[in-house]
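Asks: Have a look at this one.
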Amino acid sequence: MQERYVITITRQFGSLGRPIAREMAKMLDIDYYDRDIVEMAAKEMQQPVSVVSDIEESGNSLLSKMRFPLGTGERSMQDRLFQIQQKIITDIVDRESCIIVGRCSDYILRNYKNCINVYIYAPFEARYHNCVNSLNMNPKEAKRMIQEVDRARLQYHKRYAKYEPEDINYKDILINSSLLGVDGTAEYLVDMVKKKFDWLF
């Protein structure tokens, strides 16, 4: 059976973790999973994808308040969503090498042997600059959004993984994306992946 590996990406909002992960996937020629996991889970739950209220790190970022991935405050719905996402993620890594962004994938795959857990962060000012200039956010909204999304992601991760997203006890690599930018950070991380899994390349 062919060996597989997985990279989990946890990131601060505005650190450009999503485009870094996409670039890494291209360089490694593997698949990249992010919001499509939520969309698969929504389909499984027979919920319209339109109710998904997660924040997109793209040119068309939603400026609504992020509370829950399916836009509901019901704990039972949130717990069910997490269980379904957990199965989707484990099924994915059982069949292919890939990069998975967020969704507490570092916790879900904690016993998966060929896994590198990455945390991508940046200083507040760099994140603010990215939100305004790369994500095309309104300057007045950017600071508020960074704070709100940080709180939401912290609460989500602590609820399901029982530890904070940046906890070094559960991460293999922590990297400041403002030092090397998107391409440089992706190249650095890909180099680390190839060194870690040298027998696969």
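In the structure tokens, each chain is lettered A, B, ... as it comes, each chain's residues begin at 1, and ligands are numbered from 1 in order of appearance.
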At a cut-off of 9 Å, using only C-alpha atoms, what residues contact Asn130 (chain A)? Leave out same-chain residues fewer than 4 positions from it and give the result as a VMD selection string.
Replies: chain A and resid 14 to 16 125 to 126 134 to 137
Asks: Might you pull out every residue within 12 Å of Glu96 (chain A), with only C-alpha atoms counted and same-chain residues fewer than 3 positions away left off, and present them as a list of chain:residue names?
Replies: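 Here the qualifying residues turn out to be A:Met1, A:Gln2, A:Glu3, A:Arg4, A:Tyr5, A:Val6, A:Ile7, A:Asp29, A:Ile30, A:Asp31, A:Tyr32, A:Tyr33, A:Ile89, A:Thr90, A:Asp91, A:Ile92, A:Val93, A:Ile99, A:Ile100, A:Asn114.
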Asks: For C-alpha atoms, I'd like the residues from the last selection saved as an mmCIF file, in the first residue's frame.
Replies:
```cif
data_model
loop_
_atom_site.group_PDB
_atom_site.id
_atom_site.type_symbol
_atom_site.label_atom_id
_atom_site.label_comp_id
_atom_site.auth_asym_id
_atom_site.auth_seq_id
_atom_site.Cartn_x
_atom_site.Cartn_y
_atom_site.Cartn_z
ATOM 1 C CA MET A 1 0.000 0.000 0.000
ATOM 2 C CA GLN A 2 1.327 3.442 -0.933
ATOM 3 C CA GLU A 3 2.380 5.637 2.001
ATOM 4 C CA ARG A 4 0.409 8.835 2.575
ATOM 5 C CA TYR A 5 1.022 11.976 4.595
ATOM 6 C CA VAL A 6 -1.057 14.914 5.742
ATOM 7 C CA ILE A 7 -0.342 18.525 6.709
ATOM 8 C CA ASP A 29 0.949 18.181 -6.082
ATOM 9 C CA ILE A 30 -1.553 17.066 -3.458
ATOM 10 C CA ASP A 31 -5.148 18.037 -2.708
ATOM 11 C CA TYR A 32 -6.135 20.898 -0.433
ATOM 12 C CA TYR A 33 -9.240 20.752 1.768
ATOM 13 C CA ILE A 89 -11.382 14.193 7.505
ATOM 14 C CA THR A 90 -10.379 10.681 8.580
ATOM 15 C CA ASP A 91 -11.867 9.240 5.382
ATOM 16 C CA ILE A 92 -9.881 11.730 3.283
ATOM 17 C CA VAL A 93 -6.513 10.933 4.882
ATOM 18 C CA ILE A 99 -3.415 19.479 3.254
ATOM 19 C CA ILE A 100 -6.325 20.194 5.595
ATOM 20 C CA ASN A 114 2.502 10.691 8.952
#
```
Asks: Which residue gives the smallest distance to Arg75 (chain A) among A:Lys195, A:Arg95, A:Arg159, A:Cys104, with only C-alpha atoms counted?
Replies: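 Looking at the shortest contact to Arg75 (chain A), the residue is A:Arg159.
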Asks: As a compact mmCIF listing (two decimals) with N, CA and C atoms, in the first residue's frame, please: the residues near Val193 (chain A) (cut-off 12 Å, only C-alpha atoms, same-chain neighbours under 6 positions excluded).
Replies:
```
# COMPACT_ATOMS: atom_id res chain seq x y z
N TYR A 5 0.71 11.03 3.53
CA TYR A 5 1.02 11.98 4.59
C TYR A 5 -0.01 13.09 4.56
N VAL A 6 -0.10 13.82 5.66
CA VAL A 6 -1.06 14.91 5.74
C VAL A 6 -0.42 16.09 6.49
N ILE A 7 -0.77 17.30 6.05
CA ILE A 7 -0.34 18.53 6.71
C ILE A 7 -1.60 19.23 7.20
N THR A 8 -1.66 19.51 8.49
CA THR A 8 -2.78 20.30 9.00
C THR A 8 -2.31 21.73 9.20
N MET A 24 1.19 25.59 -1.10
CA MET A 24 1.88 24.36 -0.71
C MET A 24 1.31 23.16 -1.44
N ALA A 25 -0.01 23.10 -1.54
CA ALA A 25 -0.67 21.98 -2.23
C ALA A 25 -0.23 21.91 -3.69
N MET A 27 2.64 23.04 -4.92
CA MET A 27 4.05 22.67 -4.95
C MET A 27 4.25 21.18 -4.67
N LEU A 28 3.41 20.63 -3.82
CA LEU A 28 3.53 19.22 -3.45
C LEU A 28 2.69 18.30 -4.34
N SER A 97 -2.76 11.63 0.27
CA SER A 97 -1.97 12.67 0.91
C SER A 97 -2.66 14.01 0.64
N CYS A 98 -2.63 14.91 1.61
CA CYS A 98 -3.36 16.16 1.42
C CYS A 98 -2.97 17.19 2.47
N ILE A 99 -3.50 18.40 2.27
CA ILE A 99 -3.41 19.48 3.25
C ILE A 99 -4.83 19.77 3.73
N ASN A 114 1.83 9.85 9.95
CA ASN A 114 2.50 10.69 8.95
C ASN A 114 1.81 12.05 8.86
N CYS A 115 1.95 12.83 9.92
CA CYS A 115 1.24 14.10 9.99
C CYS A 115 2.17 15.20 10.49
N ILE A 116 2.10 16.37 9.86
CA ILE A 116 2.79 17.56 10.35
C ILE A 116 1.73 18.61 10.65
N ASN A 117 1.74 19.11 11.89
CA ASN A 117 0.79 20.13 12.31
C ASN A 117 1.46 21.50 12.31
N VAL A 118 0.92 22.41 11.51
CA VAL A 118 1.51 23.73 11.33
C VAL A 118 0.58 24.80 11.88
N ASP A 172 3.96 20.99 15.33
CA ASP A 172 5.31 20.66 14.89
C ASP A 172 6.05 21.90 14.41
N ILE A 173 5.32 22.82 13.78
CA ILE A 173 5.93 24.03 13.23
C ILE A 173 5.03 25.23 13.53
N ALA A 186 5.34 29.29 2.03
CA ALA A 186 4.97 28.01 1.42
C ALA A 186 6.21 27.20 1.06
N GLU A 187 7.19 27.86 0.48
CA GLU A 187 8.43 27.17 0.09
C GLU A 187 9.15 26.61 1.32
N TRP A 199 11.45 9.77 2.55
CA TRP A 199 11.29 8.48 1.89
C TRP A 199 10.11 8.44 0.91
N LEU A 200 9.27 9.50 0.95
CA LEU A 200 8.11 9.55 0.07
C LEU A 200 8.37 10.37 -1.19
N PHE A 201 9.53 11.05 -1.23
CA PHE A 201 9.77 11.97 -2.36
C PHE A 201 10.93 11.49 -3.23
```
Asks: Hey, can you check how far CA of Arg18 (chain A) sits from CA of Cys131 (chain A)?
Replies: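 Distance reported for this atom pair: 12.8 Å.
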Asks: Would you compute the distance between CA of Arg35 (chain A) and CA of Arg22 (chain A)? Give it in Å to one decimal.
Replies: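 Answer for the CA of Arg35 (chain A) to CA of Arg22 (chain A) separation: 12.3 Å.
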Asks: Identify, on the basis of only C-alpha atoms, every residue whose closest approach to Ala41 (chain A) does not exceed 12 Å; exclude the query and any residue fewer than 3 positions from it along the same chain; express the result as a PyMOL selection string.
Replies: chain A and resi 34-38+44-49+52+69-70+77-89+103
Asks: Name the residues of region 66-201 of chain A that come out as strand (DSSP E or B) in a backbone DSSP run; write them as a list in words.
Replies: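 Answer for region 66-201 of chain A, restricted to strand (DSSP E or B): Cys98, Ile99, Ile100, Val101, Cys115, Ile116, Asn117, Val118, Tyr119, Ile120, Tyr121, Ile173, Leu174, Ile175 and Asn176 of chain A.
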Asks: So how far away is CA of Ile146 (chain A) from CA of Phe13 (chain A), in Å?
Replies: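 Rounded to one decimal, the two atoms are 6.1 Å apart.
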